[in-house]
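Undergrad: Encoded as structure tokens, here's the structure I'll be asking about.
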2 protein chains.
Amino acid sequence: MSDLLERLRTGLPAEALITDPDVTASYAHDMASFCEAGTPAVVVLPRTVEQVQHVLRTATELRVPVVPQGARTGLSGAANASDGCIVLSLVKMDRILEISPVDRIAVVEPGVINAVLSRAVNEHGLYYPPDPSSWETCTIGGNIGTASGGLCCVKYGVTAEYVLGLDVVLADGRLLTTGRRTAKGVAGYDLTRLFVGSEGSLGIVVKAVLALKPQPPQQLVLAAEFPSAAAACDAVCRIMERGHTPSLLELMDRTTVRAVNELASMGLPETTEALLLCAFDTPDPAADLAAVGALCTEAGATEVVPADNPAESELLLQARRMSLTALETVKSATMIDDVCVPRSQLGAMLEGTAAIAERYDLTIGVCSHAGDGNTHPVVCFDHTDPDESRRARESFDAIMALGLELGGTITGEHGVGVLKKEWLARELGETGIELQRGIKAAFDPLGLLNPGKLF
Amino acid sequence: MSDLLERLRTGLPAEALITDPDVTASYAHDMASFCEAGTPAVVVLPRTVEQVQHVLRTATELRVPVVPQGARTGLSGAANASDGCIVLSLVKMDRILEISPVDRIAVVEPGVINAVLSRAVNEHGLYYPPDPSSWETCTIGGNIGTASGGLCCVKYGVTAEYVLGLDVVLADGRLLTTGRRTAKGVAGYDLTRLFVGSEGSLGIVVKAVLALKPQPPQQLVLAAEFPSAAAACDAVCRIMERGHTPSLLELMDRTTVRAVNELASMGLPETTEALLLCAFDTPDPAADLAAVGALCTEAGATEVVPADNPAESELLLQARRMSLTALETVKSATMIDDVCVPRSQLGAMLEGTAAIAERYDLTIGVCSHAGDGNTHPVVCFDHTDPDESRRARESFDAIMALGLELGGTITGEHGVGVLKKEWLARELGETGIELQRGIKAAFDPLGLLNPGKLF
């Protein structure tokens, strides 16, 4: 242990090393509940690529595991420490190195906060779409590690689609450059994409070339109340089937609506069974919202309220963005699921989730990126009650089983981490897992990078 | 050899096996010139997944290399036979299995022709964007293997962005399912993306889940003449910098324009140094073209002609689509390059290419997906003249060196195959190549799948 610290000190300034156990303990886990987390030996906060290389070389020499971290806003335990590990926090590498309006790219270090980048590119008339709920605090490096989604995905896709190239420090300290800064490129296997969503298990991202879009017009939001989740899902299918491309299409169930009102007095309609939010950032959003409003009415909406202006729209989005936080206040604890099903199966997913809630006698609030078929059922329970805790865990698993049955995936955007690693094998099958392990071995033969995650 | 045939026959109908050397010879290579190609032992044309598995199991048992093929329209020799190999042609697996307007996906076998799929999804109001020049004949499986681009990429991206999930037969005959049919998903490393562009070296794609877009309005095209390539590139930069999103943005140089006129009497303006084609498929394309036309004029265009109607637009696109074919008639032979540079470097790339043409005393016509910075310099030469042939080869390499120097890639969309494998190492570096080989070994430990390609 003191050997580890001594070696680390030879290539890192004193302020880049934290050894006080009270402080290092605060780096032990991300925002996922009920995931195992060990005690780190040390936390390092490098500011340069060379310092990261030094940390990895040291780790390899001494066979010490390394757990990379961004802002620790993840929801799967992927950033949780393992016992005796080096926690490698990238938050101090937070420079935006370049923004090019002609090439429509940004080059950034991994610790740049999502919202900081978003605002910086806005000033150049550009747009970095990925917008996880934690966008005000989460880092681009963390977004890349977990392949984050957000509200924008129904139109703009996920983080993976915006990562063109990477600089990565490998387990042995070598520096690898992948991908490109060009719009296209097919030179060899796509290593860039392999790192996206790999939860720090293949290498440490120290620089990223990100694709940008032109900034679209400000979006306008419509809210529609439905007498049942099924009717709201029917509306979602109609909207997508008719060829609309909303910039968001979100669903909040009654439990979520009430929780949000409770937390922030938002004045959302509590009589609704499902509230659908739909937005357009097109040249004529009012016309698109009118068309979508008509489809909602056809599907049985009892009320359709288009926002009159961007301020009203922003208020509706705020309500949606605080859904997870609000549901966390319903009981003493939550488990947040992240099942994604084919859009056509969304109704069956919500119906099945309601049946699971009833079967296990639990409150399960659902908010959903409905346009993507991505649901976040939030199991609310009293963690001091052992029986309720057991039922919560079982219902959480039942929700994933249902998702797979409906042709979906156990994780649409939160990742596997510690939380779902037993379920990954179930989704991928034996051959899939064997190949994934083969890739892991090719990149990290000693198994030092974020051990115990994913598999 | 007879052992191989006997074993293959046990799991394949007689008509699925071709052994006549005159016929098998016609399967020896794709459309790349000057790439080595061996003599196949046999050509197989399976119709089912089980038949493909049988072929791969047999190949593994007998240690016979397997070269997968689609329509052999590739331009890098990636589909070229090696001596004694099994050519595995997927063209008979040509069923569209599903089109879902709600989920916006199509599920297809690998032998489906790009244009057939495009037209089939159009009937559902949907759009499959990837449109390589060979789209009327090339197959989806080939498009996936080479990660094909096309004219649409500047707005809609490349094939990779439309592949959600795959069924793949591995080298040992096992069947692997990757990815998803959902809009999002982050369960484990992205194996789907790894197969896209892998040129059949990791496994045989037997089914693909493809993402679709809603069908956009028909595009309207504008043609602008420029007194120099530099001025045309300046216009490209202005168009992209101002936040426009054209559905295509193509450049043809004087040599290309003349060759197209020669071939098809298209009546293109031969006095131009560079012809820019720009299109929009937006709700109001005429307004967008007017704005772009003004930017072209600012950049020095001598003539700006927006098409009045879709028929005129289609004619201009036909001219662009026949560029490579037309340039092939300039001399007895061609070598087609595919360098992609950051858009901001396009002017330098064209200027440098002209300098290379002069230095080597050769005709090099350039057509370019200018909006992507992707150029196709076509070296035209007399292949019966040894000195001119040598100069052609050297200029071809000089073009790639220039592309790398400008921060670009040796291949934007045609792939590496045999043609550029020496250059791949130069682009990726030693560490990159080592990791690529590690992945190859994890998927194909015996090295039987398309040997001698990529590395």
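By convention in this document, the chains of the structure tokens carry letters A, B, ... by their order, each chain's residues are numbered from 1, and ligands are numbered from 1 in the order they are shown.
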Could you give me, as a ChimeraX atom specification, the residues within 6 Å of range 106-114 of chain A, counting only C-alpha atoms and dropping anything in the same chain fewer than 2 positions from it?
TA: /A:90-91,93-99,116-117,135,137-141,206-210
Undergrad: Kindly provide, as a ChimeraX atom specification, the residues of chain A having any atom no farther than 6 Å from an atom of chain B, counting only C-alpha atoms.
TA: /A:101-103,182-187,189-190,194,198,214,237,240-241,243,341-343,372,411-413,415,438-439,442
Undergrad: Just the residues within 12 Å of Pro306 in chain B, please, counting only C-alpha atoms, with nothing from its chain fewer than 6 positions along; format it as a VMD selection string.
TA: chain B and resid 219 to 225 276 to 280 285 to 294 296 312 to 313 316
Undergrad: Would you list, as a list in words, the residues of range 80-174 of chain B that end up in helix (DSSP H, G or I) under DSSP run on this structure's backbone?
TA: Asn114, Ala115, Val116, Leu117, Ser118, Arg119, Ala120, Val121, Asn122, Ile140, Gly141, Gly142, Asn143, Ile144, Gly145, Thr146, Cys153, Val154, Lys155, Tyr156, Thr159, Ala160, Glu161 and Tyr162 of chain B
Undergrad: Neighbouring residues of Leu62 in chain B were defined as those with any atom within 10 Å, considering only C-alpha atoms; residues of the same chain fewer than 2 positions away were excluded. Please report them as a list of chain:residue names.
TA: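 Listed by chain and then number, they are B:Met1, B:Asp3, B:Leu4, B:Arg7, B:Leu56, B:Arg57, B:Thr58, B:Ala59, B:Thr60, B:Val64, B:Pro65.
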Undergrad: Could you pull out the strand (DSSP E or B) residues of range 173-396 of chain A, going by DSSP on the backbone, and write them as a ChimeraX atom specification?
TA: /A:175-179,204-211,213-214,220-226,248-253,274-280,303-306,333-336,340,363-369,374-381
Undergrad: Give me, please, the distance in Å between CA of Asn261 in chain A and CA of Thr334 in chain A, quoted to one decimal.
TA: 18.2 Å
Undergrad: Which residue out of A:Pro310, A:Pro377, A:Gly300, A:Pro227 has the minimum interatomic distance to Thr271 in chain A when only C-alpha atoms are used?
TA: A:Pro227
Undergrad: Of the candidates A:Leu275, A:Cys152, A:Val205, A:Ala120, which shows the shortest atom-to-atom distance to Leu88 in chain A, using only C-alpha atoms?
TA: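 With only C-alpha atoms as the atom set, the closest residue is A:Val205.
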Undergrad: Taking 4 positions as the minimum chain separation for residues in the same chain, which residues sit within 6 Å of range 380-393 of chain B when counting only C-alpha atoms? Answer as a ChimeraX atom specification.
TA: /B:331-334,360,363-364
Undergrad: Please, what distance in Å, to one decimal, runs between CA of Leu404 in chain B and CA of Val366 in chain B?
TA: 17.6 Å
